[in-house]
Structure formats: C-alpha cells, structure tokens
>>> print(open('my_file_32.cif').read())   # mmCIF, C-alpha atoms
data_model
loop_
_atom_site.label_atom_id
_atom_site.label_comp_id
_atom_site.auth_asym_id
_atom_site.auth_seq_id
_atom_site.Cartn_x
_atom_site.Cartn_y
_atom_site.Cartn_z
CA MET A 1 -26.22 -9.73 13.55
CA GLY A 2 -23.57 -8.91 10.95
CA LYS A 3 -22.90 -5.33 9.95
CA THR A 4 -24.05 -3.90 6.63
CA ARG A 5 -21.86 -4.89 3.69
CA ILE A 6 -19.90 -1.89 2.36
CA GLU A 7 -19.37 -2.82 -1.28
CA GLU A 8 -17.13 0.08 -2.27
CA TRP A 9 -14.45 -0.96 0.23
CA THR A 10 -13.81 -4.25 -1.54
CA GLN A 11 -13.92 -2.54 -4.94
CA LEU A 12 -11.48 0.13 -3.80
CA ARG A 13 -9.15 -2.61 -2.56
CA GLY A 14 -9.29 -4.16 -6.02
CA LEU A 15 -8.29 -0.86 -7.64
CA ALA A 16 -5.46 -0.38 -5.15
CA PHE A 17 -4.14 -3.89 -5.84
CA LEU A 18 -4.05 -3.23 -9.60
CA ALA A 19 -2.26 0.07 -8.97
CA ILE A 20 0.44 -1.68 -6.94
CA VAL A 21 0.93 -4.39 -9.56
CA MET A 22 1.31 -1.72 -12.24
CA GLN A 23 3.85 0.21 -10.14
CA HIS A 24 6.05 -2.83 -9.69
CA ASN A 25 5.92 -3.73 -13.37
CA ILE A 26 6.86 -0.16 -14.28
CA ALA A 27 9.81 -0.41 -11.87
CA GLU A 28 10.94 -3.57 -13.66
CA TYR A 29 11.12 -1.92 -17.10
CA ILE A 30 11.74 1.81 -16.63
CA TYR A 31 15.30 1.38 -15.30
CA ARG A 32 16.53 -0.88 -18.10
CA PRO A 33 19.49 0.57 -20.02
CA ASP A 34 17.97 0.01 -23.48
CA ILE A 35 14.77 1.95 -22.78
CA GLU A 36 14.01 4.81 -25.16
CA GLN A 37 12.88 8.22 -23.92
CA PRO A 38 9.26 8.06 -25.21
CA ASP A 39 8.70 4.77 -23.38
CA SER A 40 10.38 6.14 -20.27
CA VAL A 41 8.21 9.26 -20.23
CA MET A 42 5.00 7.30 -20.83
CA LEU A 43 5.79 4.86 -18.04
CA ALA A 44 6.41 7.78 -15.67
CA MET A 45 3.02 9.22 -16.68
CA ILE A 46 1.28 5.91 -15.95
CA TYR A 47 3.19 5.66 -12.69
CA HIS A 48 1.60 8.87 -11.41
CA LEU A 49 -1.84 7.34 -11.95
CA THR A 50 -1.01 4.61 -9.41
CA ARG A 51 0.31 6.57 -6.42
CA PHE A 52 -2.87 5.98 -4.42
CA GLY A 53 -2.30 2.22 -4.07
CA THR A 54 -0.48 1.63 -0.79
CA PRO A 55 -1.93 4.59 1.18
CA THR A 56 -5.40 3.37 0.17
CA PHE A 57 -4.68 0.02 1.80
CA VAL A 58 -3.63 1.80 4.99
CA PHE A 59 -6.89 3.76 4.81
CA LEU A 60 -8.92 0.57 4.29
CA SER A 61 -7.16 -1.13 7.19
CA GLY A 62 -8.24 1.73 9.42
CA VAL A 63 -11.76 1.67 8.01
CA LEU A 64 -12.28 -2.03 8.69
CA LEU A 65 -10.72 -2.02 12.14
CA PHE A 66 -12.69 0.96 13.40
CA TYR A 67 -15.89 -0.20 11.71
CA HIS A 68 -15.78 -3.57 13.47
CA HIS A 69 -14.71 -2.27 16.87
CA ARG A 70 -16.23 1.19 17.15
CA HIS A 71 -18.90 -0.06 19.61
CA ALA A 72 -16.97 -2.79 21.41
CA LYS A 73 -13.29 -2.86 22.27
CA PRO A 74 -11.56 -6.10 21.28
CA ASP A 75 -9.87 -8.46 23.68
CA TYR A 76 -6.28 -7.43 22.93
CA GLY A 77 -4.64 -10.83 23.31
CA ARG A 78 -7.19 -12.60 21.12
CA PHE A 79 -7.16 -9.70 18.64
CA ILE A 80 -3.38 -9.85 18.17
CA ARG A 81 -3.29 -13.64 17.92
CA LYS A 82 -5.82 -13.59 15.09
CA ARG A 83 -4.02 -10.83 13.21
CA PHE A 84 -0.69 -12.56 13.71
CA GLY A 85 -2.08 -15.73 12.13
CA ASP A 86 -3.84 -13.92 9.28
CA ILE A 87 -1.12 -11.41 8.41
CA PHE A 88 2.26 -12.02 9.99
CA VAL A 89 2.47 -15.78 9.53
CA PRO A 90 1.92 -15.45 5.74
CA PHE A 91 4.63 -12.75 5.79
CA ILE A 92 7.08 -15.19 7.41
CA VAL A 93 6.16 -17.98 5.00
CA TRP A 94 6.52 -15.82 1.90
CA THR A 95 9.74 -14.26 3.14
CA GLY A 96 11.20 -17.76 3.14
CA ILE A 97 9.75 -18.51 -0.30
CA TYR A 98 11.27 -15.38 -1.84
CA TRP A 99 14.60 -15.92 -0.10
CA ILE A 100 14.88 -19.42 -1.52
CA ALA A 101 13.45 -18.63 -4.98
CA VAL A 102 15.78 -15.72 -5.70
CA ARG A 103 18.83 -17.74 -4.71
CA ILE A 104 17.88 -20.70 -6.84
CA PHE A 105 17.92 -18.51 -9.96
CA THR A 106 21.30 -16.86 -9.28
CA PRO A 107 24.76 -18.25 -10.09
CA GLN A 108 25.82 -17.69 -6.50
CA PHE A 109 23.25 -20.20 -5.25
CA TRP A 110 25.85 -22.98 -5.06
CA GLN A 111 28.21 -20.91 -2.94
CA ALA A 112 28.09 -21.65 0.75
CA ASP A 113 27.53 -18.04 1.83
CA SER A 114 24.46 -17.74 -0.38
CA LEU A 115 22.57 -19.87 2.13
CA ASP A 116 23.65 -17.82 5.13
CA VAL A 117 20.74 -18.08 7.56
CA THR A 118 21.51 -14.65 8.99
CA SER A 119 20.50 -13.14 5.65
CA LEU A 120 17.12 -14.85 6.00
CA LEU A 121 16.69 -13.39 9.47
CA ARG A 122 17.62 -9.99 8.05
CA GLU A 123 14.86 -10.38 5.48
CA LEU A 124 12.34 -10.59 8.32
CA VAL A 125 13.38 -7.10 9.42
CA ILE A 126 14.40 -5.41 6.17
CA PRO A 127 12.87 -7.33 3.23
CA GLN A 128 15.00 -7.27 0.07
CA THR A 129 14.26 -10.37 -2.01
CA GLY A 130 10.59 -10.08 -1.08
CA TYR A 131 10.89 -6.32 -1.43
CA HIS A 132 7.13 -5.66 -1.29
CA LEU A 133 6.75 -7.39 2.08
CA TRP A 134 7.93 -4.26 3.88
CA PHE A 135 4.28 -3.25 3.99
CA ILE A 136 3.35 -6.16 6.27
CA ILE A 137 5.94 -5.02 8.79
CA MET A 138 4.56 -1.50 8.68
CA ILE A 139 0.84 -2.28 8.74
CA PHE A 140 1.18 -4.79 11.59
CA GLN A 141 2.37 -1.92 13.78
CA PHE A 142 -1.11 -0.38 13.42
CA TYR A 143 -2.65 -3.60 14.72
CA LEU A 144 -0.31 -3.59 17.71
CA LEU A 145 -1.22 0.04 18.47
CA PHE A 146 -4.89 -0.19 17.57
CA PRO A 147 -6.23 -0.04 21.17
CA LEU A 148 -4.43 3.30 21.59
CA PHE A 149 -5.94 4.62 18.36
CA LEU A 150 -9.37 3.38 19.44
CA ASN A 151 -9.11 5.05 22.84
CA GLY A 152 -7.98 8.27 21.18
CA THR A 153 -10.89 8.34 18.74
CA ASP A 154 -13.35 7.56 21.56
CA LEU A 155 -12.00 10.50 23.54
CA ILE A 156 -12.26 12.82 20.55
CA GLU A 157 -15.79 11.61 19.86
CA GLN A 158 -16.80 12.40 23.44
CA ARG A 159 -15.30 15.88 23.25
CA ILE A 160 -17.06 16.60 19.96
CA SER A 161 -20.37 15.40 21.37
CA ALA A 162 -19.96 17.72 24.36
CA ALA A 163 -19.00 20.75 22.24
CA ARG A 164 -21.74 23.29 21.53
CA ARG A 165 -20.26 25.98 19.31
CA LEU A 166 -20.05 23.99 16.07
CA SER A 167 -21.89 21.03 14.58
CA ARG A 168 -20.34 17.59 14.68
CA GLY A 169 -19.60 17.68 10.94
CA LYS A 170 -17.73 20.98 11.21
CA TRP A 171 -15.69 19.78 14.18
CA VAL A 172 -14.69 16.65 12.28
CA ALA A 173 -13.77 18.68 9.19
CA LEU A 174 -11.60 21.05 11.26
CA LEU A 175 -9.84 18.17 13.00
CA VAL A 176 -9.17 16.39 9.69
CA LEU A 177 -7.75 19.58 8.16
CA ALA A 178 -5.54 20.12 11.21
CA ALA A 179 -4.32 16.51 11.06
CA ALA A 180 -3.65 16.87 7.32
CA ALA A 181 -1.58 20.01 7.94
CA CYS A 182 0.48 18.20 10.59
CA TYR A 183 0.98 15.23 8.30
CA ALA A 184 2.02 17.49 5.39
CA LEU A 185 4.62 19.06 7.68
CA LEU A 186 5.90 15.58 8.55
CA MET A 187 6.16 14.83 4.82
CA LYS A 188 8.10 18.05 4.31
CA TRP A 189 10.59 17.01 7.00
CA SER A 190 10.81 13.49 5.56
CA TYR A 191 11.55 14.58 1.99
CA TYR A 192 13.65 17.69 2.49
CA ASP A 193 15.27 17.38 5.93
CA MET A 194 15.55 13.82 7.21
CA ALA A 195 18.34 12.80 4.85
CA GLY A 196 20.53 15.40 6.54
CA TRP A 197 19.39 14.25 9.96
CA THR A 198 20.29 10.65 9.04
CA ALA A 199 23.83 11.68 8.16
CA ALA A 200 24.24 13.79 11.29
CA TRP A 201 22.71 11.49 13.89
CA SER A 202 24.24 8.35 15.35
CA ARG A 203 22.66 4.93 15.58
CA PRO A 204 20.00 3.81 16.32
CA TRP A 205 18.33 7.09 15.30
CA SER A 206 20.07 7.25 11.92
CA PHE A 207 18.95 3.67 11.19
CA LEU A 208 15.34 4.49 12.10
CA LEU A 209 15.39 7.56 9.87
CA GLU A 210 16.97 5.66 6.98
CA TYR A 211 14.18 3.08 7.10
CA ARG A 212 11.45 5.48 8.15
CA SER A 213 9.13 4.19 5.43
CA TYR A 214 8.82 1.00 7.52
CA SER A 215 7.29 2.98 10.40
CA TRP A 216 3.59 3.51 11.05
CA MET A 217 4.36 7.14 11.87
CA MET A 218 4.87 7.88 8.18
CA TYR A 219 1.33 6.72 7.29
CA TRP A 220 -0.74 7.53 10.36
CA PHE A 221 -2.96 10.10 8.63
CA TYR A 222 -4.45 7.55 6.21
CA PHE A 223 -5.23 5.20 9.10
CA VAL A 224 -6.91 7.96 11.10
CA LEU A 225 -8.86 9.00 8.01
CA GLY A 226 -10.17 5.45 7.89
CA ALA A 227 -11.60 6.01 11.37
CA VAL A 228 -13.44 9.10 10.13
CA CYS A 229 -15.00 7.05 7.32
CA ALA A 230 -15.89 4.15 9.62
CA TRP A 231 -17.59 6.33 12.22
CA SER A 232 -20.01 7.80 9.68
CA VAL A 233 -20.11 5.87 6.41
CA ASP A 234 -23.16 7.62 4.95
CA ASP A 235 -21.76 11.06 5.67
CA TRP A 236 -18.42 10.05 4.14
CA ARG A 237 -20.17 8.84 1.00
CA HIS A 238 -22.12 12.08 0.72
CA ARG A 239 -19.04 14.23 1.15
CA THR A 240 -16.86 12.32 -1.33
CA VAL A 241 -19.57 12.63 -4.00
CA ARG A 242 -20.08 16.35 -3.31
CA ALA A 243 -16.31 16.91 -3.43
CA LEU A 244 -15.87 15.20 -6.82
CA PRO A 245 -15.53 18.43 -8.88
CA TYR A 246 -12.81 19.62 -6.50
CA THR A 247 -10.94 16.34 -6.13
CA ILE A 248 -10.93 15.88 -9.93
CA CYS A 249 -9.46 19.34 -10.45
CA VAL A 250 -6.85 18.89 -7.71
CA PHE A 251 -5.88 15.49 -9.08
CA ILE A 252 -5.42 16.82 -12.63
CA GLY A 253 -3.38 19.77 -11.40
CA MET A 254 -1.14 17.62 -9.20
CA TYR A 255 -0.77 15.01 -11.94
CA VAL A 256 0.71 17.68 -14.22
CA TRP A 257 2.86 19.03 -11.39
CA LEU A 258 4.33 15.67 -10.40
CA GLY A 259 4.98 14.75 -14.01
CA TYR A 260 6.86 18.00 -14.58
CA ASP A 261 8.74 17.53 -11.30
CA VAL A 262 10.00 14.11 -12.36
CA LEU A 263 10.95 15.26 -15.87
CA ARG A 264 12.82 18.24 -14.47
CA GLY A 265 14.68 16.20 -11.85
CA SER A 266 15.59 13.22 -14.03
CA GLY A 267 18.39 12.66 -16.47
CA GLU A 268 18.38 10.05 -19.21
CA THR A 269 16.54 7.71 -16.84
CA MET A 270 13.33 8.70 -15.08
CA ASN A 271 13.85 9.00 -11.33
CA LEU A 272 10.65 7.70 -9.72
CA ASN A 273 12.04 8.39 -6.26
CA ILE A 274 11.12 12.03 -6.83
CA SER A 275 7.48 10.99 -6.39
CA THR A 276 7.97 9.09 -3.15
CA TYR A 277 4.97 8.63 -0.88
CA LEU A 278 6.80 10.62 1.79
CA LYS A 279 6.60 13.99 0.02
CA PRO A 280 4.04 16.80 0.48
CA THR A 281 3.02 17.05 -3.19
CA THR A 282 2.61 13.29 -3.49
CA PHE A 283 0.44 13.37 -0.36
CA VAL A 284 -1.86 15.89 -2.07
CA ILE A 285 -2.30 13.82 -5.25
CA ILE A 286 -2.86 10.65 -3.23
CA MET A 287 -5.62 12.26 -1.20
CA ALA A 288 -7.27 13.79 -4.27
CA GLN A 289 -7.21 10.52 -6.21
CA MET A 290 -8.32 8.32 -3.31
CA LEU A 291 -11.29 10.56 -2.50
CA MET A 292 -12.10 10.90 -6.21
CA LEU A 293 -12.16 7.13 -6.75
CA TYR A 294 -14.24 6.63 -3.61
CA GLY A 295 -16.76 9.17 -4.91
CA PHE A 296 -16.99 7.40 -8.27
CA LEU A 297 -17.53 4.03 -6.59
CA VAL A 298 -20.31 5.55 -4.47
CA LEU A 299 -22.01 6.79 -7.64
CA LEU A 300 -21.94 3.20 -8.97
CA ARG A 301 -23.56 1.75 -5.84
CA GLY A 302 -26.42 -0.65 -6.50
CA GLN A 303 -25.76 -1.03 -10.23
CA ASN A 304 -24.02 -4.44 -10.02
CA THR A 305 -22.09 -4.00 -13.27
CA ARG A 306 -19.47 -6.45 -14.53
CA PHE A 307 -16.81 -3.89 -13.70
CA GLN A 308 -17.97 -3.73 -10.08
CA ARG A 309 -18.14 -7.51 -9.78
CA LEU A 310 -14.63 -7.80 -11.24
CA LEU A 311 -13.25 -5.26 -8.78
CA ALA A 312 -14.97 -7.08 -5.91
CA TRP A 313 -13.47 -10.40 -7.02
CA ILE A 314 -10.01 -8.84 -7.28
CA GLY A 315 -10.45 -7.26 -3.86
CA ARG A 316 -11.40 -10.60 -2.36
CA TYR A 317 -8.15 -12.29 -3.44
CA SER A 318 -5.94 -9.19 -3.30
CA PHE A 319 -3.97 -10.08 -0.17
CA GLY A 320 -2.80 -13.44 -1.50
CA GLY A 321 -2.30 -11.85 -4.91
CA TYR A 322 -0.19 -9.16 -3.32
CA LEU A 323 2.00 -11.70 -1.55
CA VAL A 324 2.68 -13.69 -4.74
CA HIS A 325 2.69 -11.00 -7.44
CA ALA A 326 6.40 -10.13 -7.09
CA LEU A 327 7.27 -13.79 -7.66
CA VAL A 328 5.34 -13.65 -10.94
CA ILE A 329 7.26 -10.50 -11.91
CA TYR A 330 10.51 -12.35 -11.14
CA GLY A 331 9.47 -15.14 -13.50
CA ILE A 332 8.57 -12.73 -16.31
CA ALA A 333 11.80 -10.78 -15.76
CA TYR A 334 13.83 -13.98 -15.98
CA VAL A 335 12.55 -14.34 -19.55
CA THR A 336 12.54 -10.68 -20.65
CA ARG A 337 15.78 -9.31 -19.18
CA PRO A 338 18.06 -11.04 -21.71
CA LEU A 339 15.93 -9.63 -24.58
CA GLN A 340 16.56 -6.37 -26.44
CA LEU A 341 13.32 -4.43 -26.02
CA ALA A 342 14.26 -0.99 -27.32
CA GLY A 343 11.04 0.71 -28.42
CA TRP A 344 8.91 -1.98 -26.77
CA HIS A 345 9.15 -1.18 -23.07
CA LEU A 346 5.70 0.43 -22.84
CA PRO A 347 3.78 -2.46 -24.47
CA MET A 348 5.88 -5.02 -22.58
CA THR A 349 5.07 -3.28 -19.29
CA LEU A 350 1.35 -3.35 -20.05
CA LEU A 351 1.54 -7.01 -21.11
CA SER A 352 3.55 -7.93 -18.01
CA PHE A 353 1.04 -6.06 -15.84
CA ALA A 354 -1.85 -8.05 -17.29
CA LEU A 355 -0.03 -11.36 -16.93
CA THR A 356 1.07 -10.56 -13.39
CA ALA A 357 -2.40 -9.53 -12.22
CA VAL A 358 -4.11 -12.59 -13.74
CA ALA A 359 -1.47 -15.07 -12.56
CA ALA A 360 -1.18 -13.64 -9.05
CA LEU A 361 -4.93 -13.60 -8.48
CA GLY A 362 -5.28 -17.08 -9.97
CA ILE A 363 -2.55 -18.44 -7.70
CA SER A 364 -4.13 -16.67 -4.72
CA ARG A 365 -7.49 -18.23 -5.49
CA GLY A 366 -5.93 -21.66 -5.92
CA LEU A 367 -3.91 -21.46 -2.71
CA SER A 368 -6.98 -20.27 -0.80
CA ARG A 369 -8.61 -23.66 -1.44
CA LEU A 370 -5.77 -25.63 0.15
CA PRO A 371 -5.75 -26.84 3.76
CA GLY A 372 -4.06 -24.26 5.95
CA ALA A 373 -4.62 -21.57 3.32
CA ARG A 374 -4.91 -18.98 6.08
CA TYR A 375 -1.14 -19.17 6.53
CA LEU A 376 -0.47 -18.70 2.81
CA THR A 377 -3.00 -16.14 1.66
CA GLY A 378 -4.70 -14.88 4.81
CA LEU A 379 -8.48 -15.02 4.74
CA ASN A 380 -9.57 -14.23 1.17
CA LYS A 381 -13.02 -12.97 2.07
CA GLY A 382 -12.70 -9.50 0.58
CA ASN A 383 -15.12 -7.36 2.55
CA PRO A 384 -17.94 -9.37 3.99
CA THR A 385 -18.09 -6.94 6.87
CA ASN A 386 -19.45 -9.49 9.28
CA SER A 387 -16.10 -11.28 8.99
CA LYS A 388 -14.00 -11.26 12.14
CA ARG A 389 -10.68 -10.69 10.41
CA ASN A 390 -9.20 -7.99 8.23
CA ARG A 391 -5.97 -7.46 6.38
CA SER A 392 -4.18 -5.19 3.94
CA ASN A 393 -1.44 -4.94 1.32
CA GLY A 394 1.26 -2.56 0.01
CA GLU A 395 4.38 -1.84 -2.07
CA PRO A 396 8.19 -1.80 -1.75
CA THR A 397 10.31 1.08 -0.60
CA HIS A 398 13.88 0.73 0.69
CA GLY A 399 16.47 -1.76 -0.42
CA THR A 400 18.22 -2.55 -3.67
CA PRO A 401 18.39 -6.21 -4.71
CA ARG A 402 21.59 -7.36 -6.34
CA SER A 403 21.66 -6.49 -10.01
CA ASP A 404 22.48 -10.05 -11.08
CA ARG A 405 19.19 -11.33 -9.66
CA PRO A 406 16.02 -11.51 -11.80
CA VAL A 407 14.09 -9.05 -9.66
CA ALA A 408 12.24 -5.80 -10.09
CA LYS A 409 13.99 -2.71 -8.76
CA PRO A 410 12.29 -1.44 -5.62
CA TYR A 411 11.81 2.24 -5.00
CA LEU A 412 10.39 4.60 -2.42
#
>>> encode(input="my_file_32.cif", output="structure tokens")
Amino acid sequence: MGKTRIEEWTQLRGLAFLAIVMQHNIAEYIYRPDIEQPDSVMLAMIYHLTRFGTPTFVFLSGVLLFYHHRHAKPDYGRFIRKRFGDIFVPFIVWTGIYWIAVRIFTPQFWQADSLDVTSLLRELVIPQTGYHLWFIIMIFQFYLLFPLFLNGTDLIEQRISAARRLSRGKWVALLVLAAAACYALLMKWSYYDMAGWTAAWSRPWSFLLEYRSYSWMMYWFYFVLGAVCAWSVDDWRHRTVRALPYTICVFIGMYVWLGYDVLRGSGETMNLNISTYLKPTTFVIIMAQMLMLYGFLVLLRGQNTRFQRLLAWIGRYSFGGYLVHALVIYGIAYVTRPLQLAGWHLPMTLLSFALTAVAALGISRGLSRLPGARYLTGLNKGNPTNSKRNRSNGEPTHGTPRSDRPVAKPYL
C-alpha cells in the first residue's frame, strides 16, 4: 500500500521554486550599471523574501527520503542507480546544453579555444554557464550518504525510546536545538572566519573552503530537520501551527535586520552577498520563514483552493523548471541588456520573473511528455508519496560568468 499523500510538501516545493526564480531574476537586474537607487533598494527588499528557497529544497529532500525509508532500509546499489538516473543524468545533459548555448551567443564562439572540452569537464565539477546546477552536485552528496544518515537517526530513535527522564517530544526538541546551535556556529565560521582560512591554508583544503557551498556539510541541518518532520508528520504539523505567532515575529524582525545589514554594507550597488545562506542571521530568517510557510500551508489543508492547486502543479514540474529556468533568463537578458532601463528595473524584474516561471514550467511540462523524459526533467510527479523516486532543486553560489555573455550574475 502507498503512503498517505502529504499535500503541503508539494505546495512548499512550488513556493520554493518561485522563490529561486525570483532570486535569479533579481540577480540579473540589480547589478546593472544604469539601475537607480529606489529600484535597487526595492529589489533587495524582495530578495530577502526569497531566502528560504534552496534550504527548503534540502529540507524536502530529507523529508521524502526519510519518509519513504524510515521503516525499511533501501538496497544501496539500486537506490543510487535510480537517483543517478533521475537527478545526475539530467544534470549532465543540462550542463552540456548550457555550455553550448552560452557559447553560441558569444562572439568568441568561433574561436577554437571556446570549444575546449576541458572547460566542459570543468563545468561538471564547478558549474559556471549553468550556474544554478551547483545544487545538483551538492544534493547528490546527501543521496550518497543517506544510509549513514538513516543509521544515525535509527540509533537516536532507539536511544530516545529507551530514555525515561523526558518525553519523546522534549528529547527531540532538545536535540534539534542543540543541532541548530552547532549549525549556527558552523555558519559563523563560514561567514566570518573561513575566508582567512582559505588564504592561509594550502591546496586542497583552500580549494574545498573556497567552494564550501558545494558541500553537503554546509546544509546538513536542513536535511536532518527533514528527518524530524518525516518521523512524525502530525506532530510537526501541530508544532508549526502553534509556533506561527513566534515564527512570524522572528521573520519580521530578521527581515528588517537583514535589510539594514545590506544597506549598511553596500555602496552604490546593493551587495546581495551580505545575505549569503552561509551566515548565522540568514540561517535564522530562513528557519523562521520556512516554518512559518509550512504552518500556513497546514492551515489550508483540505480546502482545495485554486492557490493550493496552482502550487501543487508548480511543485510537480519544479525540477524540470529549475533545470531550464536559467536558460529562459539568458534569453530574456539577451533582449534586455542592450536596453536603457533606468527607472524600470523593478517592473522589468517582476515581468521577467513571471515570464521565466511560466516558460520554464511550460517547457518542463512539455519535455516531460517526450520519450526518455526522465533524463531531461527527472520524474515530474511532484509528491505522490507512493512514488519510488524523489528529487530536489536549488540556486547558484560560486562562480562569475564572463561579463560579455548574456547570463545572470550568480551570487552566494
């Protein structure tokens, strides 16, 4: 028998996809030299409403994996083969598509070195033209390590069950708080200390620190939090609803804080790197917003509104939409970059966001109907929880594409 369908997971994936698309459209316009300060400030304000996107996909990956395998450990070889076909093969295919597409639309395309195959191989390790594909490299590490995570959670579950002093709920809460404190400390080191370590250490450690956002270790808390949700879905729902007054207040407070932090640390151009994922204050706003949105979706359960159906539809095609959405942004940028948009960057960003979301999801839906669609868009089944496969999405971090290419500027 299939497991119960958890509707809010698909809907939350839809919200996270829209947040990522908005982030990347903001990155395309906010760094343009003709942008005026009001547009720049407004785009930074919208940007801080979207910080939950990628960490939410890590959380959902953990939720789905632990939910499917909490009572039966998977056969590792078969498990990895399926995930490789559903996730990593589309990554390889789209890496090639982006590598070719970007070169076709640059003047250097006809030069011999522009087709250097070594640059394509480099893209499979450090994506630049397909800047958003870094997330596939990172999330696949969780699949490779999943048996270790599963064994660890089983061991913790056994210890909690054997403990007598506190209730299960209190033990879980204490462990989550302890894990959050450890993760916040890791974020402190990442934002304030690791740049110095990178300069002081020799390779390969300096390389690993420089590209630390590609590592599962920088996102492990969200994945583990997914296990907490999967092990007790009803309790998680109850707690996120009860916590709504607190998560709303924390989110509002951190939204003001992060906005002020960016304004204070920026010059004429807003510096979005100040609000990197790998920063303690950003971690706080992400957690507050993710839990807040989850609580709201729980309150909507069973209503079957158009909004819920739309989010579910977006969530269903989000992986393919994620893979293709940067290509749509490239196409829009190819048209808009030669234009003078002073005073129009905010409305153009919103228009580009709408066009990107609609086009990317439409392309994803169309590709999903083709033979061999699994290797282009994964399995676009959203969250029918009796499905045997899962997947996730994300956003760009490291790397700076060449300025003469029609691409959005990636950021951390």
>>> closest_atom_pairs(input="my_file_32.cif", of="region 22-103 of chain A", to="region 204-221 of chain A", cutoff="12 Å", atoms="all atoms listed in the file", output="tab-separated table")
residue	atom	partner	partner_atom	distance
A:Thr54	CA	A:Tyr219	CA	9.7
A:Pro55	CA	A:Tyr219	CA	7.2
A:Thr56	CA	A:Tyr219	CA	10.4
A:Phe57	CA	A:Tyr219	CA	10.5
A:Val58	CA	A:Tyr219	CA	7.4
A:Phe59	CA	A:Phe221	CA	8.4
A:Ser61	CA	A:Trp220	CA	11.2
A:Gly62	CA	A:Trp220	CA	9.5
>>> closest_residue(input="my_file_32.cif", among="A:Phe91, A:Trp134, A:Tyr334, A:Tyr67", to="Phe105 (chain A)", atoms="all atoms listed in the file")
A:Tyr334
>>> closest_residue(input="my_file_32.cif", among="A:Met287, A:Val335, A:Ile329, A:Val172", to="Val358 (chain A)", atoms="only C-alpha atoms")
A:Ile329
>>> resolve_selection(input="my_file_32.cif", expression="the PyMOL selection byres ((chain A and resi 83) around 10)", output="PyMOL selection string")
chain A and resi 78-82+84-89+140+143-144+378+389-391
>>> closest_residue(input="my_file_32.cif", among="A:Gly226, A:Pro127, A:Pro33, A:Gly196", to="Phe66 (chain A)", atoms="only C-alpha atoms")
A:Gly226
>>> residues_around(input="my_file_32.cif", residues="Val250 (chain A)", least_positions_apart="6", cutoff="9 Å", atoms="all atoms listed in the file", output="list in words")
Val284, Ile285, Ala288 and Gln289 of chain A
>>> residues_near_point(input="my_file_32.cif", point="(-2.3, 15.6, 12.0)", cutoff="12 Å", atoms="all atoms listed in the file", output="PyMOL selection string")
chain A and resi 174-187+217-225
>>> atom_distance(input="my_file_32.cif", atom1="CA of Arg51 (chain A)", atom2="CA of Leu293 (chain A)")
12.5 Å
>>> closest_residue(input="my_file_32.cif", among="A:Trp189, A:Trp99, A:Trp94, A:Tyr76", to="Pro147 (chain A)", atoms="all atoms listed in the file")
A:Tyr76
>>> closest_residue(input="my_file_32.cif", among="A:Ala27, A:Leu341, A:Ile332, A:Leu133", to="Ala354 (chain A)", atoms="all atoms listed in the file")
A:Ile332
>>> closest_residue(input="my_file_32.cif", among="A:Ile30, A:Ala173, A:Val93, A:Ile136", to="Leu376 (chain A)", atoms="only C-alpha atoms")
A:Val93
>>> residues_around(input="my_file_32.cif", residues="Asn25 (chain A)", least_positions_apart="6", cutoff="7 Å", atoms="all atoms listed in the file", output="PDB file with C-alpha atoms, keeping the file's coordinate frame")
ATOM      1  CA  THR A 349       5.070  -3.280 -19.290  1.00  0.00           C
ATOM      2  CA  SER A 352       3.550  -7.930 -18.010  1.00  0.00           C
ATOM      3  CA  PHE A 353       1.040  -6.060 -15.840  1.00  0.00           C
TER       4      PHE A 353
END
>>> atom_distance(input="my_file_32.cif", atom1="CA of Ile160 (chain A)", atom2="CA of Thr247 (chain A)")
26.8 Å
>>> residues_around(input="my_file_32.cif", residues="Asn151 (chain A)", least_positions_apart="4", cutoff="12 Å", atoms="only C-alpha atoms", output="list in words")
Phe66, His69, Arg70, His71, Ala72, Lys73, Pro74, Leu145, Phe146, Pro147, Leu155, Ile156, Glu157, Gln158 and Ala227 of chain A
>>> resolve_selection(input="my_file_32.cif", expression="the PyMOL selection byres ((chain A and resi 339) around 12)", output="ChimeraX atom specification")
/A:29,32-35,332-338,340-342,344-345,348
>>> residues_near_point(input="my_file_32.cif", point="(-4.8, -10.6, -11.6)", cutoff="10 Å", atoms="all atoms listed in the file", output="list in words")
Gly14, Phe17, Leu18, Val21, Trp313, Ile314, Tyr317, Ser318, Gly321, Tyr322, His325, Phe353, Ala354, Leu355, Thr356, Ala357, Val358, Ala359, Ala360, Leu361, Gly362, Ile363 and Ser364 of chain A
>>> write_last_selection(input="my_file_32.cif", atoms="C-alpha atoms", output="PDB file, keeping the file's coordinate frame")
ATOM      1  CA  GLY A  14      -9.290  -4.160  -6.020  1.00  0.00           C
ATOM      2  CA  PHE A  17      -4.140  -3.890  -5.840  1.00  0.00           C
ATOM      3  CA  LEU A  18      -4.050  -3.230  -9.600  1.00  0.00           C
ATOM      4  CA  VAL A  21       0.930  -4.390  -9.560  1.00  0.00           C
ATOM      5  CA  TRP A 313     -13.470 -10.400  -7.020  1.00  0.00           C
ATOM      6  CA  ILE A 314     -10.010  -8.840  -7.280  1.00  0.00           C
ATOM      7  CA  TYR A 317      -8.150 -12.290  -3.440  1.00  0.00           C
ATOM      8  CA  SER A 318      -5.940  -9.190  -3.300  1.00  0.00           C
ATOM      9  CA  GLY A 321      -2.300 -11.850  -4.910  1.00  0.00           C
ATOM     10  CA  TYR A 322      -0.190  -9.160  -3.320  1.00  0.00           C
ATOM     11  CA  HIS A 325       2.690 -11.000  -7.440  1.00  0.00           C
ATOM     12  CA  PHE A 353       1.040  -6.060 -15.840  1.00  0.00           C
ATOM     13  CA  ALA A 354      -1.850  -8.050 -17.290  1.00  0.00           C
ATOM     14  CA  LEU A 355      -0.030 -11.360 -16.930  1.00  0.00           C
ATOM     15  CA  THR A 356       1.070 -10.560 -13.390  1.00  0.00           C
ATOM     16  CA  ALA A 357      -2.400  -9.530 -12.220  1.00  0.00           C
ATOM     17  CA  VAL A 358      -4.110 -12.590 -13.740  1.00  0.00           C
ATOM     18  CA  ALA A 359      -1.470 -15.070 -12.560  1.00  0.00           C
ATOM     19  CA  ALA A 360      -1.180 -13.640  -9.050  1.00  0.00           C
ATOM     20  CA  LEU A 361      -4.930 -13.600  -8.480  1.00  0.00           C
ATOM     21  CA  GLY A 362      -5.280 -17.080  -9.970  1.00  0.00           C
ATOM     22  CA  ILE A 363      -2.550 -18.440  -7.700  1.00  0.00           C
ATOM     23  CA  SER A 364      -4.130 -16.670  -4.720  1.00  0.00           C
TER      24      SER A 364
END
>>> atom_distance(input="my_file_32.cif", atom1="CA of Gly130 (chain A)", atom2="CA of Tyr330 (chain A)")
10.3 Å
>>> residues_around(input="my_file_32.cif", residues="Leu121 (chain A)", least_positions_apart="6", cutoff="12 Å", atoms="all atoms listed in the file", output="list of chain:residue names")
A:Ile92, A:Thr95, A:Gly96, A:Trp99, A:Leu115, A:Pro127, A:Gln128
